[in-house]
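Source file: model07.csv (CSV, C-alpha atoms)
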chain,number,residue,atom,x,y,z
A,1,MET,CA,25.6,4.1,-4.6
A,2,THR,CA,27.5,1.4,-6.3
A,3,THR,CA,26.7,-2.2,-5.7
A,4,ILE,CA,28.9,-4.1,-3.3
A,5,ASP,CA,29.0,-7.7,-2.0
A,6,LEU,CA,28.2,-9.0,1.4
A,7,GLU,CA,31.5,-10.8,1.9
A,8,THR,CA,33.5,-7.5,1.5
A,9,LEU,CA,31.1,-5.9,3.9
A,10,ASN,CA,31.4,-8.6,6.5
A,11,ARG,CA,35.2,-8.1,6.5
A,12,SER,CA,35.0,-4.3,6.8
A,13,ASP,CA,36.0,-2.4,9.9
A,14,ARG,CA,33.4,-0.2,11.6
A,15,ALA,CA,34.3,3.0,9.7
A,16,GLY,CA,34.2,1.2,6.3
A,17,PHE,CA,31.0,-0.6,7.1
A,18,THR,CA,29.3,2.7,8.2
A,19,SER,CA,30.6,4.5,5.1
A,20,ALA,CA,29.2,1.8,2.8
A,21,LEU,CA,25.8,1.7,4.5
A,22,GLY,CA,25.5,5.2,5.9
A,23,GLU,CA,22.8,6.2,3.4
A,24,ILE,CA,20.5,3.2,3.9
A,25,PHE,CA,18.8,5.0,6.7
A,26,GLU,CA,18.2,8.7,5.6
A,27,HIS,CA,20.9,11.0,7.1
A,28,SER,CA,21.3,8.5,10.0
A,29,PRO,CA,24.7,6.6,9.7
A,30,TRP,CA,24.4,5.7,13.4
A,31,VAL,CA,22.1,2.8,12.4
A,32,ALA,CA,24.8,1.2,10.3
A,33,GLU,CA,27.5,2.0,12.9
A,34,ARG,CA,25.6,0.2,15.6
A,35,ALA,CA,24.6,-2.8,13.4
A,36,TRP,CA,28.3,-3.4,12.6
A,37,SER,CA,28.8,-5.3,15.9
A,38,GLN,CA,26.2,-7.9,14.9
A,39,ARG,CA,28.2,-9.0,11.8
A,40,SER,CA,28.8,-11.2,9.9
A,41,PHE,CA,25.6,-11.4,7.9
A,42,ALA,CA,24.5,-14.5,6.0
A,43,ASP,CA,22.4,-12.6,3.5
A,44,VAL,CA,20.8,-9.2,2.9
A,45,ALA,CA,17.7,-10.2,4.9
A,46,ALA,CA,19.9,-10.8,8.0
A,47,LEU,CA,21.7,-7.5,7.5
A,48,HIS,CA,18.3,-5.8,7.3
A,49,ARG,CA,17.1,-7.5,10.4
A,50,ALA,CA,20.2,-6.3,12.3
A,51,MET,CA,19.7,-2.7,11.1
A,52,SER,CA,16.0,-2.7,11.9
A,53,SER,CA,16.7,-4.1,15.4
A,54,VAL,CA,19.1,-1.1,15.9
A,55,VAL,CA,16.2,1.2,15.0
A,56,LEU,CA,13.7,-0.5,17.3
A,57,ALA,CA,16.3,-0.6,20.2
A,58,ALA,CA,17.1,3.1,19.8
A,59,SER,CA,15.8,5.7,22.3
A,60,ARG,CA,12.6,7.5,21.7
A,61,GLU,CA,14.5,10.7,21.0
A,62,GLU,CA,16.7,8.9,18.4
A,63,GLN,CA,13.7,7.3,16.7
A,64,LEU,CA,12.0,10.7,16.5
A,65,ALA,CA,15.2,12.2,15.0
A,66,LEU,CA,15.2,9.4,12.5
A,67,LEU,CA,11.6,10.2,11.4
A,68,LEU,CA,12.5,13.9,11.3
A,69,ALA,CA,15.5,13.2,9.0
A,70,HIS,CA,13.1,12.2,6.2
A,71,PRO,CA,11.9,14.8,3.6
A,72,GLU,CA,8.3,15.5,2.9
A,73,LEU,CA,7.0,13.8,-0.3
A,74,ALA,CA,7.0,16.4,-3.1
A,75,GLY,CA,7.9,18.9,-0.5
A,76,LYS,CA,10.2,22.0,-0.6
A,77,LEU,CA,13.4,20.0,-0.6
A,78,ALA,CA,12.2,17.9,-3.6
A,79,GLN,CA,11.1,21.0,-5.5
A,80,ALA,CA,14.5,22.6,-4.8
A,81,GLY,CA,16.4,19.5,-6.0
A,82,GLN,CA,17.9,19.0,-2.6
A,83,LEU,CA,16.9,15.4,-1.8
A,84,THR,CA,19.4,12.6,-1.4
A,85,ALA,CA,20.0,10.6,-4.6
A,86,SER,CA,17.9,7.7,-3.2
A,87,SER,CA,14.9,9.9,-2.3
A,88,THR,CA,15.0,11.6,-5.6
A,89,GLN,CA,14.8,8.3,-7.5
A,90,GLU,CA,12.2,6.9,-5.1
A,91,GLN,CA,9.9,9.9,-5.4
A,92,ALA,CA,10.3,10.1,-9.2
A,93,GLY,CA,9.4,6.4,-9.5
A,94,ALA,CA,5.9,7.1,-8.2
A,95,GLY,CA,5.5,10.2,-10.3
A,96,LEU,CA,5.8,12.6,-7.4
A,97,ASN,CA,8.2,14.8,-9.4
A,98,ALA,CA,5.5,15.4,-12.0
A,99,LEU,CA,2.3,16.2,-10.0
A,100,SER,CA,-0.3,18.5,-11.5
A,101,ALA,CA,-0.9,21.8,-9.7
A,102,ASP,CA,-4.0,20.3,-8.1
A,103,GLU,CA,-2.2,17.2,-6.9
A,104,LEU,CA,0.7,19.3,-5.5
A,105,ALA,CA,-1.8,21.6,-3.6
A,106,ARG,CA,-3.5,18.5,-2.2
A,107,ILE,CA,-0.3,16.6,-1.1
A,108,SER,CA,1.1,19.9,0.4
A,109,SER,CA,-2.1,20.3,2.4
A,110,LEU,CA,-2.2,16.6,3.6
A,111,ASN,CA,1.5,16.8,4.5
A,112,ALA,CA,0.9,19.9,6.5
A,113,GLN,CA,-2.1,18.3,8.4
A,114,TYR,CA,0.0,15.2,9.0
A,115,ARG,CA,3.0,17.1,10.4
A,116,ALA,CA,0.7,19.3,12.6
A,117,LYS,CA,-1.0,16.3,14.1
A,118,PHE,CA,2.0,14.0,14.6
A,119,GLY,CA,5.0,16.3,14.8
A,120,PHE,CA,7.0,14.5,12.1
A,121,PRO,CA,6.7,14.1,8.3
A,122,PHE,CA,4.5,11.5,6.6
A,123,ILE,CA,6.9,8.6,5.6
A,124,VAL,CA,6.0,5.9,3.2
A,125,ALA,CA,8.0,3.4,1.2
A,126,VAL,CA,7.0,4.9,-2.2
A,127,ARG,CA,8.4,1.9,-4.1
A,128,ASN,CA,5.4,-0.1,-2.9
A,129,TYR,CA,2.7,2.3,-4.0
A,130,THR,CA,1.3,4.0,-7.0
A,131,LYS,CA,0.7,7.7,-6.9
A,132,ARG,CA,-3.0,7.0,-6.1
A,133,GLY,CA,-2.0,4.6,-3.3
A,134,ILE,CA,0.3,7.2,-1.8
A,135,PHE,CA,-2.5,9.7,-1.6
A,136,ARG,CA,-4.9,7.1,-0.1
A,137,GLU,CA,-2.3,6.1,2.5
A,138,LEU,CA,-1.7,9.7,3.5
A,139,GLU,CA,-5.5,10.2,3.9
A,140,ARG,CA,-5.9,6.9,5.8
A,141,ARG,CA,-3.0,7.3,8.1
A,142,LEU,CA,-4.0,10.9,9.0
A,143,GLU,CA,-6.9,9.2,10.9
A,144,ASN,CA,-4.6,7.1,13.1
A,145,ASP,CA,-3.5,7.9,16.7
A,146,ALA,CA,0.0,9.2,17.5
A,147,GLN,CA,1.3,6.0,18.8
A,148,THR,CA,0.2,4.0,15.8
A,149,GLU,CA,1.8,6.5,13.4
A,150,PHE,CA,5.1,6.7,15.3
A,151,ARG,CA,5.3,2.9,15.0
A,152,THR,CA,4.1,2.9,11.3
A,153,GLY,CA,6.6,5.6,10.5
A,154,LEU,CA,9.5,3.5,11.9
A,155,GLU,CA,8.2,0.4,10.0
A,156,GLN,CA,8.1,2.4,6.8
A,157,VAL,CA,11.6,3.7,7.5
A,158,CYS,CA,12.8,0.1,7.9
A,159,GLU,CA,11.0,-0.9,4.7
A,160,ILE,CA,12.7,1.9,2.8
A,161,GLY,CA,16.0,0.6,4.3
A,162,LEU,CA,15.2,-2.9,2.9
A,163,ILE,CA,14.5,-1.4,-0.6
A,164,ARG,CA,17.8,0.5,-0.5
A,165,LEU,CA,19.7,-2.5,0.6
A,166,GLU,CA,18.2,-4.6,-2.2
A,167,ALA,CA,19.3,-1.9,-4.7
A,168,LEU,CA,22.8,-1.7,-3.2
A,169,PHE,CA,23.3,-5.4,-3.4
A,170,ASN,CA,21.5,-5.7,-6.7
A,171,ALA,CA,19.3,-8.3,-5.0
B,1,MET,CA,-18.1,-0.2,-19.2
B,2,THR,CA,-18.9,3.1,-20.8
B,3,THR,CA,-18.9,6.3,-18.8
B,4,ILE,CA,-22.3,7.6,-17.6
B,5,ASP,CA,-23.4,10.6,-15.6
B,6,LEU,CA,-24.8,10.8,-12.2
B,7,GLU,CA,-28.0,12.7,-13.1
B,8,THR,CA,-29.1,9.9,-15.5
B,9,LEU,CA,-28.3,7.3,-12.8
B,10,ASN,CA,-30.3,9.2,-10.1
B,11,ARG,CA,-33.3,9.0,-12.4
B,12,SER,CA,-33.0,5.3,-13.2
B,13,ASP,CA,-35.4,2.7,-11.9
B,14,ARG,CA,-34.0,-0.1,-9.8
B,15,ALA,CA,-33.3,-2.4,-12.7
B,16,GLY,CA,-31.5,0.2,-14.8
B,17,PHE,CA,-29.5,1.3,-11.8
B,18,THR,CA,-28.5,-2.3,-11.0
B,19,SER,CA,-27.6,-2.9,-14.6
B,20,ALA,CA,-25.4,0.2,-14.8
B,21,LEU,CA,-23.5,-0.5,-11.5
B,22,GLY,CA,-23.8,-4.3,-11.3
B,23,GLU,CA,-20.1,-4.8,-12.1
B,24,ILE,CA,-18.8,-2.3,-9.5
B,25,PHE,CA,-18.7,-5.0,-6.9
B,26,GLU,CA,-17.3,-8.2,-8.5
B,27,HIS,CA,-20.1,-10.6,-9.5
B,28,SER,CA,-22.3,-9.0,-6.9
B,29,PRO,CA,-25.1,-6.8,-8.4
B,30,TRP,CA,-27.0,-7.1,-5.1
B,31,VAL,CA,-24.8,-4.3,-3.7
B,32,ALA,CA,-26.1,-1.8,-6.4
B,33,GLU,CA,-29.6,-3.2,-6.2
B,34,ARG,CA,-29.8,-2.4,-2.4
B,35,ALA,CA,-28.0,1.0,-2.7
B,36,TRP,CA,-30.7,2.2,-5.2
B,37,SER,CA,-33.1,3.0,-2.4
B,38,GLN,CA,-30.6,5.5,-1.0
B,39,ARG,CA,-30.6,7.7,-4.1
B,40,SER,CA,-30.3,10.4,-5.2
B,41,PHE,CA,-26.6,10.9,-4.9
B,42,ALA,CA,-24.9,14.3,-4.9
B,43,ASP,CA,-21.6,13.0,-6.2
B,44,VAL,CA,-19.5,9.8,-6.8
B,45,ALA,CA,-18.3,9.9,-3.2
B,46,ALA,CA,-21.9,9.8,-1.9
B,47,LEU,CA,-22.7,6.9,-4.2
B,48,HIS,CA,-19.7,5.1,-3.0
B,49,ARG,CA,-20.6,5.6,0.6
B,50,ALA,CA,-24.1,4.2,-0.1
B,51,MET,CA,-22.7,1.1,-1.8
B,52,SER,CA,-20.1,0.6,1.0
B,53,SER,CA,-22.8,0.9,3.6
B,54,VAL,CA,-24.7,-1.9,1.8
B,55,VAL,CA,-21.6,-4.1,2.1
B,56,LEU,CA,-21.1,-3.3,5.8
B,57,ALA,CA,-24.8,-3.9,6.6
B,58,ALA,CA,-24.9,-7.2,4.7
B,59,SER,CA,-25.0,-10.5,6.6
B,60,ARG,CA,-21.8,-12.3,7.4
B,61,GLU,CA,-22.7,-15.0,4.8
B,62,GLU,CA,-23.3,-12.3,2.1
B,63,GLN,CA,-20.0,-10.7,3.0
B,64,LEU,CA,-18.2,-14.0,2.8
B,65,ALA,CA,-19.8,-14.6,-0.6
B,66,LEU,CA,-18.6,-11.2,-1.8
B,67,LEU,CA,-15.0,-12.0,-0.8
B,68,LEU,CA,-15.3,-15.4,-2.5
B,69,ALA,CA,-16.6,-13.7,-5.7
B,70,HIS,CA,-13.1,-12.2,-6.2
B,71,PRO,CA,-10.4,-14.0,-8.3
B,72,GLU,CA,-7.0,-14.8,-7.0
B,73,LEU,CA,-4.3,-12.4,-8.2
B,74,ALA,CA,-2.4,-14.0,-11.1
B,75,GLY,CA,-4.4,-17.1,-10.5
B,76,LYS,CA,-5.9,-19.8,-12.7
B,77,LEU,CA,-8.8,-17.6,-14.0
B,78,ALA,CA,-6.3,-14.9,-14.9
B,79,GLN,CA,-4.0,-17.3,-16.7
B,80,ALA,CA,-7.0,-18.7,-18.6
B,81,GLY,CA,-8.2,-15.2,-19.6
B,82,GLN,CA,-11.5,-15.6,-17.7
B,83,LEU,CA,-11.4,-12.6,-15.5
B,84,THR,CA,-14.0,-9.7,-15.7
B,85,ALA,CA,-12.8,-6.8,-17.9
B,86,SER,CA,-12.2,-4.7,-14.8
B,87,SER,CA,-10.1,-7.3,-13.1
B,88,THR,CA,-8.0,-8.0,-16.2
B,89,GLN,CA,-7.2,-4.3,-16.5
B,90,GLU,CA,-6.4,-3.9,-12.8
B,91,GLN,CA,-4.1,-6.9,-12.7
B,92,ALA,CA,-2.3,-5.9,-15.9
B,93,GLY,CA,-1.8,-2.4,-14.5
B,94,ALA,CA,0.4,-3.8,-11.7
B,95,GLY,CA,2.3,-6.1,-14.1
B,96,LEU,CA,0.6,-9.2,-12.6
B,97,ASN,CA,0.0,-10.5,-16.2
B,98,ALA,CA,3.7,-10.5,-16.9
B,99,LEU,CA,5.3,-12.2,-13.8
B,100,SER,CA,8.5,-14.2,-14.1
B,101,ALA,CA,8.3,-17.9,-13.4
B,102,ASP,CA,9.8,-17.3,-9.9
B,103,GLU,CA,7.3,-14.5,-9.2
B,104,LEU,CA,4.4,-16.7,-10.3
B,105,ALA,CA,5.5,-19.6,-8.1
B,106,ARG,CA,5.9,-17.2,-5.2
B,107,ILE,CA,2.5,-15.5,-5.6
B,108,SER,CA,0.8,-18.9,-6.1
B,109,SER,CA,2.3,-20.2,-2.9
B,110,LEU,CA,1.4,-17.1,-0.9
B,111,ASN,CA,-2.2,-17.1,-2.3
B,112,ALA,CA,-2.6,-20.7,-1.3
B,113,GLN,CA,-1.3,-20.1,2.2
B,114,TYR,CA,-3.7,-17.1,2.5
B,115,ARG,CA,-6.7,-19.0,1.3
B,116,ALA,CA,-5.9,-22.0,3.6
B,117,LYS,CA,-5.6,-19.7,6.6
B,118,PHE,CA,-8.6,-17.5,6.0
B,119,GLY,CA,-11.0,-19.4,3.7
B,120,PHE,CA,-11.2,-16.7,1.1
B,121,PRO,CA,-8.8,-15.2,-1.5
B,122,PHE,CA,-6.3,-12.4,-0.9
B,123,ILE,CA,-8.0,-9.2,-2.1
B,124,VAL,CA,-6.2,-5.9,-2.6
B,125,ALA,CA,-6.9,-2.8,-4.6
B,126,VAL,CA,-4.0,-3.3,-7.0
B,127,ARG,CA,-4.3,0.2,-8.5
B,128,ASN,CA,-2.9,1.5,-5.2
B,129,TYR,CA,0.2,-0.7,-5.2
B,130,THR,CA,3.3,-1.6,-7.3
B,131,LYS,CA,4.1,-5.2,-7.9
B,132,ARG,CA,6.6,-5.1,-5.1
B,133,GLY,CA,4.0,-3.6,-2.8
B,134,ILE,CA,1.4,-6.3,-3.6
B,135,PHE,CA,3.9,-9.0,-2.7
B,136,ARG,CA,4.7,-7.2,0.6
B,137,GLU,CA,1.0,-6.7,1.4
B,138,LEU,CA,0.4,-10.4,0.8
B,139,GLU,CA,3.3,-11.4,3.1
B,140,ARG,CA,2.3,-8.8,5.8
B,141,ARG,CA,-1.4,-9.6,5.8
B,142,LEU,CA,-0.8,-13.4,6.0
B,143,GLU,CA,0.4,-12.6,9.6
B,144,ASN,CA,-3.0,-11.1,10.6
B,145,ASP,CA,-5.7,-12.8,12.5
B,146,ALA,CA,-8.9,-14.0,10.8
B,147,GLN,CA,-11.1,-11.1,12.0
B,148,THR,CA,-8.7,-8.5,10.9
B,149,GLU,CA,-8.4,-10.0,7.4
B,150,PHE,CA,-12.2,-10.4,7.0
B,151,ARG,CA,-12.5,-6.7,7.7
B,152,THR,CA,-9.5,-5.8,5.6
B,153,GLY,CA,-10.8,-7.9,2.7
B,154,LEU,CA,-14.1,-6.0,2.8
B,155,GLU,CA,-12.3,-2.6,3.0
B,156,GLN,CA,-10.3,-3.5,-0.1
B,157,VAL,CA,-13.4,-4.6,-1.9
B,158,CYS,CA,-14.9,-1.2,-1.2
B,159,GLU,CA,-11.7,0.5,-2.3
B,160,ILE,CA,-11.8,-1.5,-5.6
B,161,GLY,CA,-15.5,-0.4,-5.9
B,162,LEU,CA,-14.4,3.3,-5.5
B,163,ILE,CA,-11.7,2.9,-8.2
B,164,ARG,CA,-14.3,1.3,-10.6
B,165,LEU,CA,-16.8,4.1,-9.9
B,166,GLU,CA,-14.1,6.7,-10.6
B,167,ALA,CA,-13.4,5.0,-13.9
B,168,LEU,CA,-17.1,4.7,-14.8
B,169,PHE,CA,-17.8,8.3,-14.1
B,170,ASN,CA,-14.5,9.5,-15.6
B,171,ALA,CA,-13.8,11.2,-12.3
Full structure transcribed into structure tokens:
Amino acid sequence: MTTIDLETLNRSDRAGFTSALGEIFEHSPWVAERAWSQRSFADVAALHRAMSSVVLAASREEQLALLLAHPELAGKLAQAGQLTASSTQEQAGAGLNALSADELARISSLNAQYRAKFGFPFIVAVRNYTKRGIFRELERRLENDAQTEFRTGLEQVCEIGLIRLEALFNA
Amino acid sequence: MTTIDLETLNRSDRAGFTSALGEIFEHSPWVAERAWSQRSFADVAALHRAMSSVVLAASREEQLALLLAHPELAGKLAQAGQLTASSTQEQAGAGLNALSADELARISSLNAQYRAKFGFPFIVAVRNYTKRGIFRELERRLENDAQTEFRTGLEQVCEIGLIRLEALFNA
């Protein structure tokens, strides 16, 4: 993604807007597409609030699809080099691309337990955590109930969106 | 702190045990002193559970004193070089010893708001978070109610204790 400015974005038509922001929410350009009608945006925070409100107003099925669009941390896609550019950078920043064999076995097991319990992958804004913190969050959140984790997953998706917007706008 | 082994610790008298583990909970050797009677400990996790149970069983006044024994992140003590060795290393690990003037102003303001609202300092296991994550946690937790934050503060104190035990035992 190259950096862009908000003024240009505010003048974009729906297709241009969606194209510019389609990657902010993983594999889910519909978030940008629906946020377009709320323009113009005074700052990146306002744009993020608009996109987050689209997520929160979406149907339960769409929200689940959004969660399911996210890759597992250090999962098969990551190991095969098939993540989006953003996910690749985010996971590498926390050292998840250089786990020891023990760590990889542990995160794979925790990821599998999480998905079996909740039906969607563990999602966390890795830019906010160290490697140790990510493991602790995974262990801690495994204890939550399904409703809490559905909400927490969406909150983390929105936080990841904010981090990506900040990078896009060089903020 | 030098590394020690659990076998030696399990054989220690109360004074030796307290001396070895007195720094695990910031300025609060009474946690180690009371945990001694629960020995011996099969592993570091068992020792940590014992020390955490002392914290949870303490009186409300003792718990508040424990929270108050913690320094502010990037606060006056840190700037004056007067933190404990553990706190100095922990804060430096997250880059809190090298904040920009803007970041320092922001964290000082957030710390002050937090202390004014709750009556004790914001406490977080900085080894689990990046600098960005610490700022986000501070903003997020400011919105909590007093009871939630009292409990969260104690949980973070216990998590810091675990991290210090792991370092002490080279685990």
Residue contacts of Val126 (chain A) (12 Å, only C-alpha atoms) excluding same-chain residues fewer than 2 positions away, as a ChimeraX atom specification
/A:72-74,86-96,122-124,128-135,137-138,156-157,159-161,163-164 /B:128-133
Can you pull out every residue within 12 Å of Leu66 (chain A), counting all atoms listed in the file, but drop anything in the same chain fewer than 4 positions away, and send it as a list in words?
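In the requested form, the answer reads Ile24, Phe25, Glu26, His27, Ser28, Pro29, Trp30, Val31, Val54, Val55, Leu56, Ala58, Ser59, Arg60, Glu61, Glu62, His70, Pro71, Phe120, Pro121, Ile123, Phe150, Gly153, Leu154, Glu155, Gln156, Val157 and Cys158 of chain A.
Taking CA of Leu77 (chain A) and CA of Ala105 (chain A) as endpoints, the distance between them is 15.6 Å.
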All in-order C-alpha pairs, least squares, chain B moved onto chain A. Output the fitted coordinates as a short mmCIF file (atom, residue, chain, number, x, y, z; two decimals) with C-alpha atoms, in the frame of the given file, please.
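Printed below is out-v8.cif as written:
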data_model
loop_
_atom_site.label_atom_id
_atom_site.label_comp_id
_atom_site.auth_asym_id
_atom_site.auth_seq_id
_atom_site.Cartn_x
_atom_site.Cartn_y
_atom_site.Cartn_z
CA MET B 1 25.66 4.16 -4.56
CA THR B 2 27.53 1.42 -6.32
CA THR B 3 26.70 -2.21 -5.72
CA ILE B 4 28.93 -4.13 -3.27
CA ASP B 5 28.99 -7.68 -1.99
CA LEU B 6 28.24 -9.01 1.36
CA GLU B 7 31.55 -10.85 1.90
CA THR B 8 33.54 -7.58 1.50
CA LEU B 9 31.12 -5.84 3.90
CA ASN B 10 31.41 -8.63 6.55
CA ARG B 11 35.15 -8.05 6.53
CA SER B 12 35.01 -4.26 6.84
CA ASP B 13 36.01 -2.41 9.96
CA ARG B 14 33.41 -0.23 11.62
CA ALA B 15 34.26 2.88 9.68
CA GLY B 16 34.21 1.20 6.27
CA PHE B 17 30.98 -0.54 7.13
CA THR B 18 29.37 2.74 8.25
CA SER B 19 30.61 4.46 5.15
CA ALA B 20 29.20 1.78 2.83
CA LEU B 21 25.72 1.65 4.51
CA GLY B 22 25.50 5.18 5.96
CA GLU B 23 22.87 6.24 3.41
CA ILE B 24 20.57 3.22 3.94
CA PHE B 25 18.77 5.02 6.69
CA GLU B 26 18.22 8.67 5.61
CA HIS B 27 20.86 10.98 7.13
CA SER B 28 21.35 8.48 9.90
CA PRO B 29 24.70 6.57 9.67
CA TRP B 30 24.37 5.70 13.38
CA VAL B 31 22.03 2.83 12.39
CA ALA B 32 24.86 1.13 10.30
CA GLU B 33 27.48 2.07 12.84
CA ARG B 34 25.58 0.16 15.64
CA ALA B 35 24.59 -2.81 13.39
CA TRP B 36 28.33 -3.46 12.63
CA SER B 37 28.79 -5.28 15.90
CA GLN B 38 26.18 -7.83 14.83
CA ARG B 39 28.14 -9.01 11.79
CA SER B 40 28.76 -11.22 9.97
CA PHE B 41 25.60 -11.43 7.97
CA ALA B 42 24.53 -14.50 6.00
CA ASP B 43 22.43 -12.57 3.53
CA VAL B 44 20.75 -9.15 2.83
CA ALA B 45 17.74 -10.19 4.90
CA ALA B 46 19.95 -10.83 7.96
CA LEU B 47 21.64 -7.47 7.50
CA HIS B 48 18.33 -5.82 7.26
CA ARG B 49 17.08 -7.45 10.40
CA ALA B 50 20.22 -6.25 12.25
CA MET B 51 19.74 -2.66 11.07
CA SER B 52 15.98 -2.77 11.91
CA SER B 53 16.76 -4.08 15.35
CA VAL B 54 19.07 -1.07 15.86
CA VAL B 55 16.15 1.23 15.00
CA LEU B 56 13.73 -0.58 17.33
CA ALA B 57 16.26 -0.60 20.21
CA ALA B 58 17.11 3.09 19.78
CA SER B 59 15.81 5.66 22.28
CA ARG B 60 12.56 7.44 21.63
CA GLU B 61 14.52 10.69 20.93
CA GLU B 62 16.78 8.86 18.38
CA GLN B 63 13.72 7.39 16.74
CA LEU B 64 12.05 10.76 16.55
CA ALA B 65 15.22 12.18 15.01
CA LEU B 66 15.23 9.42 12.40
CA LEU B 67 11.64 10.23 11.38
CA LEU B 68 12.53 13.93 11.25
CA ALA B 69 15.56 13.14 9.01
CA HIS B 70 13.11 12.19 6.21
CA PRO B 71 11.91 14.78 3.60
CA GLU B 72 8.31 15.48 2.92
CA LEU B 73 6.99 13.82 -0.24
CA ALA B 74 6.92 16.37 -3.07
CA GLY B 75 7.94 18.95 -0.56
CA LYS B 76 10.15 22.03 -0.61
CA LEU B 77 13.47 20.04 -0.63
CA ALA B 78 12.18 17.98 -3.53
CA GLN B 79 11.09 21.02 -5.51
CA ALA B 80 14.49 22.62 -4.86
CA GLY B 81 16.36 19.48 -6.00
CA GLN B 82 17.96 18.98 -2.55
CA LEU B 83 16.92 15.49 -1.80
CA THR B 84 19.44 12.54 -1.35
CA ALA B 85 19.96 10.55 -4.58
CA SER B 86 17.92 7.70 -3.15
CA SER B 87 14.99 9.86 -2.26
CA THR B 88 14.95 11.65 -5.62
CA GLN B 89 14.81 8.30 -7.40
CA GLU B 90 12.11 6.90 -5.12
CA GLN B 91 9.88 9.94 -5.45
CA ALA B 92 10.30 10.11 -9.23
CA GLY B 93 9.43 6.41 -9.47
CA ALA B 94 5.91 7.12 -8.13
CA GLY B 95 5.49 10.20 -10.37
CA LEU B 96 5.75 12.54 -7.34
CA ASN B 97 8.16 14.79 -9.39
CA ALA B 98 5.51 15.35 -12.02
CA LEU B 99 2.29 16.20 -10.02
CA SER B 100 -0.35 18.49 -11.47
CA ALA B 101 -0.92 21.78 -9.72
CA ASP B 102 -4.07 20.32 -8.04
CA GLU B 103 -2.16 17.21 -6.92
CA LEU B 104 0.64 19.35 -5.48
CA ALA B 105 -1.77 21.56 -3.55
CA ARG B 106 -3.51 18.46 -2.25
CA ILE B 107 -0.34 16.64 -1.15
CA SER B 108 1.02 19.86 0.44
CA SER B 109 -2.14 20.29 2.44
CA LEU B 110 -2.24 16.67 3.57
CA ASN B 111 1.51 16.74 4.52
CA ALA B 112 0.93 19.82 6.59
CA GLN B 113 -2.05 18.34 8.37
CA TYR B 114 0.03 15.17 9.07
CA ARG B 115 2.99 17.05 10.40
CA ALA B 116 0.76 19.30 12.61
CA LYS B 117 -0.97 16.25 14.07
CA PHE B 118 2.04 14.05 14.65
CA GLY B 119 5.13 16.31 14.79
CA PHE B 120 7.01 14.49 12.10
CA PRO B 121 6.65 14.07 8.30
CA PHE B 122 4.52 11.46 6.52
CA ILE B 123 6.89 8.62 5.60
CA VAL B 124 6.00 5.80 3.22
CA ALA B 125 7.99 3.38 1.16
CA VAL B 126 6.92 4.84 -2.18
CA ARG B 127 8.34 1.93 -4.20
CA ASN B 128 5.45 -0.15 -2.83
CA TYR B 129 2.70 2.24 -3.93
CA THR B 130 1.26 4.01 -7.03
CA LYS B 131 0.60 7.68 -6.87
CA ARG B 132 -3.02 7.00 -6.15
CA GLY B 133 -2.04 4.64 -3.36
CA ILE B 134 0.29 7.20 -1.71
CA PHE B 135 -2.52 9.74 -1.63
CA ARG B 136 -4.87 7.13 -0.07
CA GLU B 137 -2.24 6.06 2.49
CA LEU B 138 -1.75 9.70 3.46
CA GLU B 139 -5.52 10.25 3.90
CA ARG B 140 -5.98 6.88 5.77
CA ARG B 141 -3.02 7.29 8.09
CA LEU B 142 -3.98 10.90 9.04
CA GLU B 143 -6.92 9.19 10.90
CA ASN B 144 -4.55 7.14 13.14
CA ASP B 145 -3.57 7.94 16.63
CA ALA B 146 -0.10 9.28 17.48
CA GLN B 147 1.30 5.96 18.78
CA THR B 148 0.20 4.04 15.81
CA GLU B 149 1.78 6.53 13.39
CA PHE B 150 5.09 6.66 15.34
CA ARG B 151 5.29 2.91 14.95
CA THR B 152 4.09 2.96 11.38
CA GLY B 153 6.60 5.69 10.50
CA LEU B 154 9.43 3.54 11.87
CA GLU B 155 8.16 0.42 10.00
CA GLN B 156 8.18 2.39 6.75
CA VAL B 157 11.64 3.67 7.44
CA CYS B 158 12.79 0.09 7.81
CA GLU B 159 10.94 -0.90 4.66
CA ILE B 160 12.70 1.97 2.76
CA GLY B 161 16.01 0.66 4.29
CA LEU B 162 15.22 -2.87 2.88
CA ILE B 163 14.49 -1.43 -0.60
CA ARG B 164 17.83 0.55 -0.51
CA LEU B 165 19.75 -2.56 0.61
CA GLU B 166 18.17 -4.56 -2.23
CA ALA B 167 19.30 -1.90 -4.66
CA LEU B 168 22.81 -1.70 -3.18
CA PHE B 169 23.33 -5.40 -3.31
CA ASN B 170 21.58 -5.78 -6.69
CA ALA B 171 19.30 -8.31 -5.04
#
Calculated over only C-alpha atoms, which of the candidates B:Arg106, B:Arg151, B:His48, B:Arg136 has the smallest distance to chain A?
B:Arg136
Using all atoms listed in the file for the distances, tell me which of B:Glu166, B:Asp145, B:Glu23, B:Glu33 is nearest to chain A.
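Distance minimum relative to chain A lands on B:Glu166.
Across the model, the gap from CA of Ala65 (chain A) to CA of Asn111 (chain A) is 17.9 Å.
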Spatial sel., origin (-33.5, 2.4, -10.2), limit 12 Å, all atoms listed in the file, listed as a list in words
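Residues satisfying the cut-off, written out: Thr8, Leu9, Asn10, Arg11, Ser12, Asp13, Arg14, Ala15, Gly16, Phe17, Thr18, Ser19, Ala20, Leu21, Gly22, Ala32, Glu33, Arg34, Ala35, Trp36, Ser37, Gln38, Arg39 and Ser40 of chain B.
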